[in-house]
>>> print(open('my_file15.pdb').read())   # PDB, N, CA and C atoms, pLDDT in the B column
ATOM      1  N   MET G 629      93.750  63.082 112.750  1.00 42.00           N
ATOM      2  CA  MET G 629      93.643  62.695 111.367  1.00 42.00           C
ATOM      3  C   MET G 629      94.130  61.257 111.245  1.00 42.00           C
ATOM      4  N   LYS G 630      93.467  60.476 110.407  1.00 46.00           N
ATOM      5  CA  LYS G 630      93.821  59.083 110.186  1.00 46.00           C
ATOM      6  C   LYS G 630      94.051  58.871 108.700  1.00 46.00           C
ATOM      7  N   VAL G 631      95.174  58.264 108.352  1.00 44.00           N
ATOM      8  CA  VAL G 631      95.481  57.986 106.953  1.00 44.00           C
ATOM      9  C   VAL G 631      95.483  56.478 106.764  1.00 44.00           C
ATOM     10  N   THR G 632      94.757  56.003 105.769  1.00 49.00           N
ATOM     11  CA  THR G 632      94.707  54.580 105.477  1.00 49.00           C
ATOM     12  C   THR G 632      95.116  54.345 104.033  1.00 49.00           C
ATOM     13  N   GLY G 633      95.591  53.167 103.743  1.00 48.00           N
ATOM     14  CA  GLY G 633      95.962  52.847 102.370  1.00 48.00           C
ATOM     15  C   GLY G 633      95.597  51.411 102.043  1.00 48.00           C
ATOM     16  N   GLU G 634      95.307  51.156 100.766  1.00 51.00           N
ATOM     17  CA  GLU G 634      94.984  49.804 100.324  1.00 51.00           C
ATOM     18  C   GLU G 634      95.268  49.697  98.831  1.00 51.00           C
ATOM     19  N   LYS G 635      95.389  48.474  98.360  1.00 47.00           N
ATOM     20  CA  LYS G 635      95.608  48.234  96.925  1.00 47.00           C
ATOM     21  C   LYS G 635      94.268  48.073  96.234  1.00 47.00           C
ATOM     22  N   PHE G 636      94.107  48.725  95.080  1.00 47.00           N
ATOM     23  CA  PHE G 636      92.890  48.598  94.285  1.00 47.00           C
ATOM     24  C   PHE G 636      93.312  48.533  92.832  1.00 47.00           C
ATOM     25  N   ALA G 637      93.010  47.444  92.176  1.00 48.00           N
ATOM     26  CA  ALA G 637      93.336  47.244  90.757  1.00 48.00           C
ATOM     27  C   ALA G 637      94.815  47.532  90.471  1.00 48.00           C
ATOM     28  N   GLY G 638      95.683  47.150  91.412  1.00 49.00           N
ATOM     29  CA  GLY G 638      97.112  47.328  91.204  1.00 49.00           C
ATOM     30  C   GLY G 638      97.648  48.709  91.552  1.00 49.00           C
ATOM     31  N   PHE G 639      96.791  49.625  91.963  1.00 51.00           N
ATOM     32  CA  PHE G 639      97.231  50.970  92.312  1.00 51.00           C
ATOM     33  C   PHE G 639      97.130  51.170  93.817  1.00 51.00           C
ATOM     34  N   LYS G 640      98.046  51.923  94.368  1.00 53.00           N
ATOM     35  CA  LYS G 640      98.011  52.255  95.787  1.00 53.00           C
ATOM     36  C   LYS G 640      97.047  53.421  95.984  1.00 53.00           C
ATOM     37  N   THR G 641      96.092  53.251  96.874  1.00 50.00           N
ATOM     38  CA  THR G 641      95.149  54.329  97.158  1.00 50.00           C
ATOM     39  C   THR G 641      95.334  54.790  98.592  1.00 50.00           C
ATOM     40  N   ARG G 642      95.017  56.037  98.856  1.00 53.00           N
ATOM     41  CA  ARG G 642      95.105  56.579 100.211  1.00 53.00           C
ATOM     42  C   ARG G 642      93.818  57.343 100.518  1.00 53.00           C
ATOM     43  N   ALA G 643      93.407  57.176 101.730  1.00 53.00           N
ATOM     44  CA  ALA G 643      92.246  57.929 102.202  1.00 53.00           C
ATOM     45  C   ALA G 643      92.664  58.702 103.441  1.00 53.00           C
ATOM     46  N   ILE G 644      92.309  59.961 103.502  1.00 52.00           N
ATOM     47  CA  ILE G 644      92.592  60.785 104.673  1.00 52.00           C
ATOM     48  C   ILE G 644      91.257  61.077 105.341  1.00 52.00           C
ATOM     49  N   LEU G 645      91.116  60.613 106.564  1.00 55.00           N
ATOM     50  CA  LEU G 645      89.883  60.794 107.306  1.00 55.00           C
ATOM     51  C   LEU G 645      90.119  61.837 108.388  1.00 55.00           C
ATOM     52  N   ALA G 646      89.302  62.840 108.430  1.00 58.00           N
ATOM     53  CA  ALA G 646      89.451  63.902 109.418  1.00 58.00           C
ATOM     54  C   ALA G 646      88.078  64.493 109.706  1.00 58.00           C
ATOM     55  N   ILE G 647      87.968  65.114 110.848  1.00 66.00           N
ATOM     56  CA  ILE G 647      86.735  65.827 111.175  1.00 66.00           C
ATOM     57  C   ILE G 647      86.773  67.143 110.411  1.00 66.00           C
ATOM     58  N   CYS G 648      85.745  67.391 109.619  1.00 70.00           N
ATOM     59  CA  CYS G 648      85.734  68.607 108.818  1.00 70.00           C
ATOM     60  C   CYS G 648      84.309  69.073 108.586  1.00 70.00           C
ATOM     61  N   LYS G 649      84.188  70.257 108.032  1.00 72.00           N
ATOM     62  CA  LYS G 649      82.889  70.813 107.687  1.00 72.00           C
ATOM     63  C   LYS G 649      82.379  70.212 106.394  1.00 72.00           C
ATOM     64  N   SER G 650      81.101  70.364 106.172  1.00 77.00           N
ATOM     65  CA  SER G 650      80.478  69.919 104.932  1.00 77.00           C
ATOM     66  C   SER G 650      80.123  71.156 104.109  1.00 77.00           C
ATOM     67  N   TYR G 651      80.417  71.125 102.819  1.00 78.00           N
ATOM     68  CA  TYR G 651      80.130  72.244 101.940  1.00 78.00           C
ATOM     69  C   TYR G 651      79.240  71.764 100.804  1.00 78.00           C
ATOM     70  N   LYS G 652      78.391  72.635 100.304  1.00 85.00           N
ATOM     71  CA  LYS G 652      77.531  72.316  99.169  1.00 85.00           C
ATOM     72  C   LYS G 652      77.952  73.158  97.983  1.00 85.00           C
ATOM     73  N   TYR G 653      78.004  72.506  96.804  1.00 87.00           N
ATOM     74  CA  TYR G 653      78.391  73.175  95.567  1.00 87.00           C
ATOM     75  C   TYR G 653      77.355  72.918  94.492  1.00 87.00           C
ATOM     76  N   ARG G 654      77.199  73.882  93.593  1.00 89.00           N
ATOM     77  CA  ARG G 654      76.305  73.748  92.435  1.00 89.00           C
ATOM     78  C   ARG G 654      77.164  73.874  91.184  1.00 89.00           C
ATOM     79  N   VAL G 655      77.060  72.897  90.282  1.00 90.00           N
ATOM     80  CA  VAL G 655      77.826  72.942  89.036  1.00 90.00           C
ATOM     81  C   VAL G 655      77.342  74.121  88.198  1.00 90.00           C
ATOM     82  N   ILE G 656      78.290  74.950  87.762  1.00 90.00           N
ATOM     83  CA  ILE G 656      77.931  76.129  86.969  1.00 90.00           C
ATOM     84  C   ILE G 656      78.401  76.024  85.521  1.00 90.00           C
ATOM     85  N   GLU G 657      79.404  75.170  85.259  1.00 91.00           N
ATOM     86  CA  GLU G 657      79.834  74.987  83.879  1.00 91.00           C
ATOM     87  C   GLU G 657      80.696  73.738  83.753  1.00 91.00           C
ATOM     88  N   SER G 658      80.718  73.207  82.541  1.00 91.00           N
ATOM     89  CA  SER G 658      81.629  72.111  82.208  1.00 91.00           C
ATOM     90  C   SER G 658      82.031  72.289  80.750  1.00 91.00           C
ATOM     91  N   PHE G 659      83.294  71.981  80.459  1.00 93.00           N
ATOM     92  CA  PHE G 659      83.811  72.149  79.105  1.00 93.00           C
ATOM     93  C   PHE G 659      85.052  71.291  78.924  1.00 93.00           C
ATOM     94  N   VAL G 660      85.457  71.121  77.678  1.00 94.00           N
ATOM     95  CA  VAL G 660      86.653  70.353  77.340  1.00 94.00           C
ATOM     96  C   VAL G 660      87.765  71.331  77.001  1.00 94.00           C
ATOM     97  N   ALA G 661      88.973  71.054  77.526  1.00 94.00           N
ATOM     98  CA  ALA G 661      90.135  71.904  77.287  1.00 94.00           C
ATOM     99  C   ALA G 661      91.323  71.048  76.843  1.00 94.00           C
ATOM    100  N   LYS G 662      92.337  71.703  76.311  1.00 93.00           N
ATOM    101  CA  LYS G 662      93.573  71.021  75.929  1.00 93.00           C
ATOM    102  C   LYS G 662      94.404  70.761  77.186  1.00 93.00           C
ATOM    103  N   PRO G 663      95.245  69.727  77.198  1.00 89.00           N
ATOM    104  CA  PRO G 663      96.056  69.414  78.378  1.00 89.00           C
ATOM    105  C   PRO G 663      96.963  70.561  78.833  1.00 89.00           C
ATOM    106  N   ASN G 664      97.419  71.404  77.916  1.00 91.00           N
ATOM    107  CA  ASN G 664      98.310  72.504  78.297  1.00 91.00           C
ATOM    108  C   ASN G 664      97.566  73.790  78.654  1.00 91.00           C
ATOM    109  N   ASP G 665      96.245  73.770  78.711  1.00 91.00           N
ATOM    110  CA  ASP G 665      95.453  74.938  79.114  1.00 91.00           C
ATOM    111  C   ASP G 665      95.425  75.051  80.642  1.00 91.00           C
ATOM    112  N   SER G 666      96.550  75.483  81.209  1.00 87.00           N
ATOM    113  CA  SER G 666      96.662  75.549  82.673  1.00 87.00           C
ATOM    114  C   SER G 666      95.815  76.657  83.285  1.00 87.00           C
ATOM    115  N   TRP G 667      95.353  77.603  82.486  1.00 90.00           N
ATOM    116  CA  TRP G 667      94.536  78.699  83.005  1.00 90.00           C
ATOM    117  C   TRP G 667      93.256  78.198  83.672  1.00 90.00           C
ATOM    118  N   VAL G 668      92.788  77.001  83.293  1.00 87.00           N
ATOM    119  CA  VAL G 668      91.521  76.514  83.849  1.00 87.00           C
ATOM    120  C   VAL G 668      91.618  76.230  85.342  1.00 87.00           C
ATOM    121  N   MET G 669      92.841  76.039  85.864  1.00 85.00           N
ATOM    122  CA  MET G 669      93.012  75.769  87.289  1.00 85.00           C
ATOM    123  C   MET G 669      93.313  77.026  88.104  1.00 85.00           C
ATOM    124  N   GLY G 670      93.312  78.174  87.453  1.00 85.00           N
ATOM    125  CA  GLY G 670      93.591  79.423  88.155  1.00 85.00           C
ATOM    126  C   GLY G 670      92.407  79.884  88.995  1.00 85.00           C
ATOM    127  N   GLN G 671      92.688  80.749  89.948  1.00 86.00           N
ATOM    128  CA  GLN G 671      91.630  81.303  90.789  1.00 86.00           C
ATOM    129  C   GLN G 671      90.807  82.315  90.005  1.00 86.00           C
ATOM    130  N   VAL G 672      89.541  82.426  90.369  1.00 84.00           N
ATOM    131  CA  VAL G 672      88.656  83.430  89.792  1.00 84.00           C
ATOM    132  C   VAL G 672      88.373  84.443  90.897  1.00 84.00           C
ATOM    133  N   ARG G 673      88.712  85.683  90.628  1.00 87.00           N
ATOM    134  CA  ARG G 673      88.599  86.733  91.643  1.00 87.00           C
ATOM    135  C   ARG G 673      87.176  86.852  92.197  1.00 87.00           C
ATOM    136  N   ASP G 674      87.080  86.926  93.531  1.00 88.00           N
ATOM    137  CA  ASP G 674      85.819  87.134  94.255  1.00 88.00           C
ATOM    138  C   ASP G 674      84.794  86.015  94.047  1.00 88.00           C
ATOM    139  N   ARG G 675      85.251  84.803  93.717  1.00 88.00           N
ATOM    140  CA  ARG G 675      84.349  83.652  93.551  1.00 88.00           C
ATOM    141  C   ARG G 675      84.888  82.491  94.367  1.00 88.00           C
ATOM    142  N   ASP G 676      84.008  81.725  95.009  1.00 88.00           N
ATOM    143  CA  ASP G 676      84.392  80.535  95.761  1.00 88.00           C
ATOM    144  C   ASP G 676      84.071  79.325  94.887  1.00 88.00           C
ATOM    145  N   LEU G 677      85.042  78.915  94.059  1.00 88.00           N
ATOM    146  CA  LEU G 677      84.814  77.870  93.070  1.00 88.00           C
ATOM    147  C   LEU G 677      85.606  76.608  93.393  1.00 88.00           C
ATOM    148  N   LEU G 678      85.050  75.492  92.974  1.00 88.00           N
ATOM    149  CA  LEU G 678      85.726  74.202  93.006  1.00 88.00           C
ATOM    150  C   LEU G 678      85.885  73.776  91.550  1.00 88.00           C
ATOM    151  N   THR G 679      87.110  73.424  91.147  1.00 89.00           N
ATOM    152  CA  THR G 679      87.359  72.988  89.772  1.00 89.00           C
ATOM    153  C   THR G 679      87.871  71.564  89.787  1.00 89.00           C
ATOM    154  N   LEU G 680      87.192  70.697  89.054  1.00 88.00           N
ATOM    155  CA  LEU G 680      87.594  69.302  88.918  1.00 88.00           C
ATOM    156  C   LEU G 680      87.999  69.061  87.480  1.00 88.00           C
ATOM    157  N   GLN G 681      89.003  68.195  87.292  1.00 90.00           N
ATOM    158  CA  GLN G 681      89.385  67.857  85.926  1.00 90.00           C
ATOM    159  C   GLN G 681      89.716  66.379  85.812  1.00 90.00           C
ATOM    160  N   THR G 682      89.434  65.829  84.638  1.00 88.00           N
ATOM    161  CA  THR G 682      89.754  64.442  84.328  1.00 88.00           C
ATOM    162  C   THR G 682      90.062  64.336  82.849  1.00 88.00           C
ATOM    163  N   CYS G 683      90.669  63.239  82.462  1.00 89.00           N
ATOM    164  CA  CYS G 683      91.006  63.027  81.056  1.00 89.00           C
ATOM    165  C   CYS G 683      89.785  62.575  80.269  1.00 89.00           C
ATOM    166  N   THR G 684      89.717  63.023  79.018  1.00 88.00           N
ATOM    167  CA  THR G 684      88.630  62.625  78.134  1.00 88.00           C
ATOM    168  C   THR G 684      89.154  62.593  76.712  1.00 88.00           C
ATOM    169  N   PRO G 685      88.695  61.768  75.831  1.00 87.00           N
ATOM    170  CA  PRO G 685      87.774  60.657  76.056  1.00 87.00           C
ATOM    171  C   PRO G 685      88.511  59.484  76.710  1.00 87.00           C
ATOM    172  N   VAL G 686      87.792  58.720  77.472  1.00 81.00           N
ATOM    173  CA  VAL G 686      88.360  57.564  78.157  1.00 81.00           C
ATOM    174  C   VAL G 686      88.714  56.525  77.111  1.00 81.00           C
ATOM    175  N   PRO G 687      89.833  55.887  77.112  1.00 81.00           N
ATOM    176  CA  PRO G 687      90.919  55.904  78.104  1.00 81.00           C
ATOM    177  C   PRO G 687      92.123  56.719  77.660  1.00 81.00           C
ATOM    178  N   THR G 688      91.959  57.752  76.838  1.00 81.00           N
ATOM    179  CA  THR G 688      93.103  58.521  76.334  1.00 81.00           C
ATOM    180  C   THR G 688      93.424  59.695  77.249  1.00 81.00           C
ATOM    181  N   PHE G 689      94.485  60.381  76.928  1.00 83.00           N
ATOM    182  CA  PHE G 689      94.883  61.580  77.668  1.00 83.00           C
ATOM    183  C   PHE G 689      94.887  62.781  76.734  1.00 83.00           C
ATOM    184  N   GLU G 690      94.070  62.745  75.701  1.00 92.00           N
ATOM    185  CA  GLU G 690      94.087  63.767  74.658  1.00 92.00           C
ATOM    186  C   GLU G 690      93.567  65.122  75.116  1.00 92.00           C
ATOM    187  N   LYS G 691      92.505  65.125  75.913  1.00 93.00           N
ATOM    188  CA  LYS G 691      91.875  66.382  76.342  1.00 93.00           C
ATOM    189  C   LYS G 691      91.496  66.282  77.814  1.00 93.00           C
ATOM    190  N   ARG G 692      91.030  67.397  78.372  1.00 92.00           N
ATOM    191  CA  ARG G 692      90.613  67.434  79.768  1.00 92.00           C
ATOM    192  C   ARG G 692      89.159  67.884  79.857  1.00 92.00           C
ATOM    193  N   LEU G 693      88.384  67.164  80.625  1.00 91.00           N
ATOM    194  CA  LEU G 693      87.013  67.582  80.949  1.00 91.00           C
ATOM    195  C   LEU G 693      87.116  68.397  82.231  1.00 91.00           C
ATOM    196  N   ILE G 694      86.663  69.627  82.176  1.00 90.00           N
ATOM    197  CA  ILE G 694      86.711  70.546  83.302  1.00 90.00           C
ATOM    198  C   ILE G 694      85.291  70.768  83.806  1.00 90.00           C
ATOM    199  N   VAL G 695      85.102  70.628  85.110  1.00 91.00           N
ATOM    200  CA  VAL G 695      83.792  70.879  85.732  1.00 91.00           C
ATOM    201  C   VAL G 695      84.016  71.898  86.843  1.00 91.00           C
ATOM    202  N   ARG G 696      83.278  72.993  86.786  1.00 89.00           N
ATOM    203  CA  ARG G 696      83.383  74.027  87.826  1.00 89.00           C
ATOM    204  C   ARG G 696      82.078  74.103  88.587  1.00 89.00           C
ATOM    205  N   ALA G 697      82.235  74.278  89.909  1.00 90.00           N
ATOM    206  CA  ALA G 697      81.071  74.388  90.796  1.00 90.00           C
ATOM    207  C   ALA G 697      81.300  75.550  91.754  1.00 90.00           C
ATOM    208  N   GLU G 698      80.215  76.195  92.125  1.00 88.00           N
ATOM    209  CA  GLU G 698      80.263  77.344  93.033  1.00 88.00           C
ATOM    210  C   GLU G 698      79.649  76.956  94.364  1.00 88.00           C
ATOM    211  N   ARG G 699      80.305  77.347  95.449  1.00 86.00           N
ATOM    212  CA  ARG G 699      79.777  77.028  96.776  1.00 86.00           C
ATOM    213  C   ARG G 699      78.482  77.786  97.023  1.00 86.00           C
ATOM    214  N   ILE G 700      77.480  77.080  97.540  1.00 86.00           N
ATOM    215  CA  ILE G 700      76.184  77.715  97.814  1.00 86.00           C
ATOM    216  C   ILE G 700      75.913  77.761  99.306  1.00 86.00           C
TER     217      ILE G 700
END
>>> encode(input="my_file15.pdb", output="structure tokens")
Amino acid sequence: MKVTGEKFAGFKTRAILAICKSYKYRVIESFVAKPNDSWVMGQVRDRDLLTLQTCTPVPTFEKRLIVRAERI
């Protein structure tokens, strides 16, 4: 495994490079949630899901955009 770092727009970034498998996902839903809605990051029984979240609307931290994808 190789770890690299560099400065970008004043922030420290890190990249981890490793030999790994490739997976394919299909987006199944997206929705907006409140910042304290931690249930959105919980596991879903018998499903292989990837959950991504970001702040919305840009540039505030008022809500979270949640995108879920299922491995195909």
>>> resolve_selection(input="my_file15.pdb", expression="the PyMOL selection byres (((chain G and resi 681-694 and name CA) around 12) and name CA)", output="list in words")
Val655, Ile656, Glu657, Ser658, Phe659, Val660, Ala661, Lys662, Pro663, Asn664, Asp665, Ser666, Trp667, Val668, Met669, Leu678, Thr679, Leu680, Val695, Arg696 and Ala697 of chain G
>>> axis_aligned_box(input="my_file15.pdb", around="region 647-654 of chain G", padding_each_side="3 Å", output="AutoDock Vina command-line options")
--center_x 82.1 --center_y 69.5 --center_z 101.2 --size_x 17.7 --size_y 14.8 --size_z 26.0
>>> atom_distance(input="my_file15.pdb", atom1="CA of Gly670 (chain G)", atom2="atom N of Lys649 (chain G)")
23.8 Å
>>> atom_distance(input="my_file15.pdb", atom1="atom N of Ile700 (chain G)", atom2="CA of Asp674 (chain G)")
13.5 Å
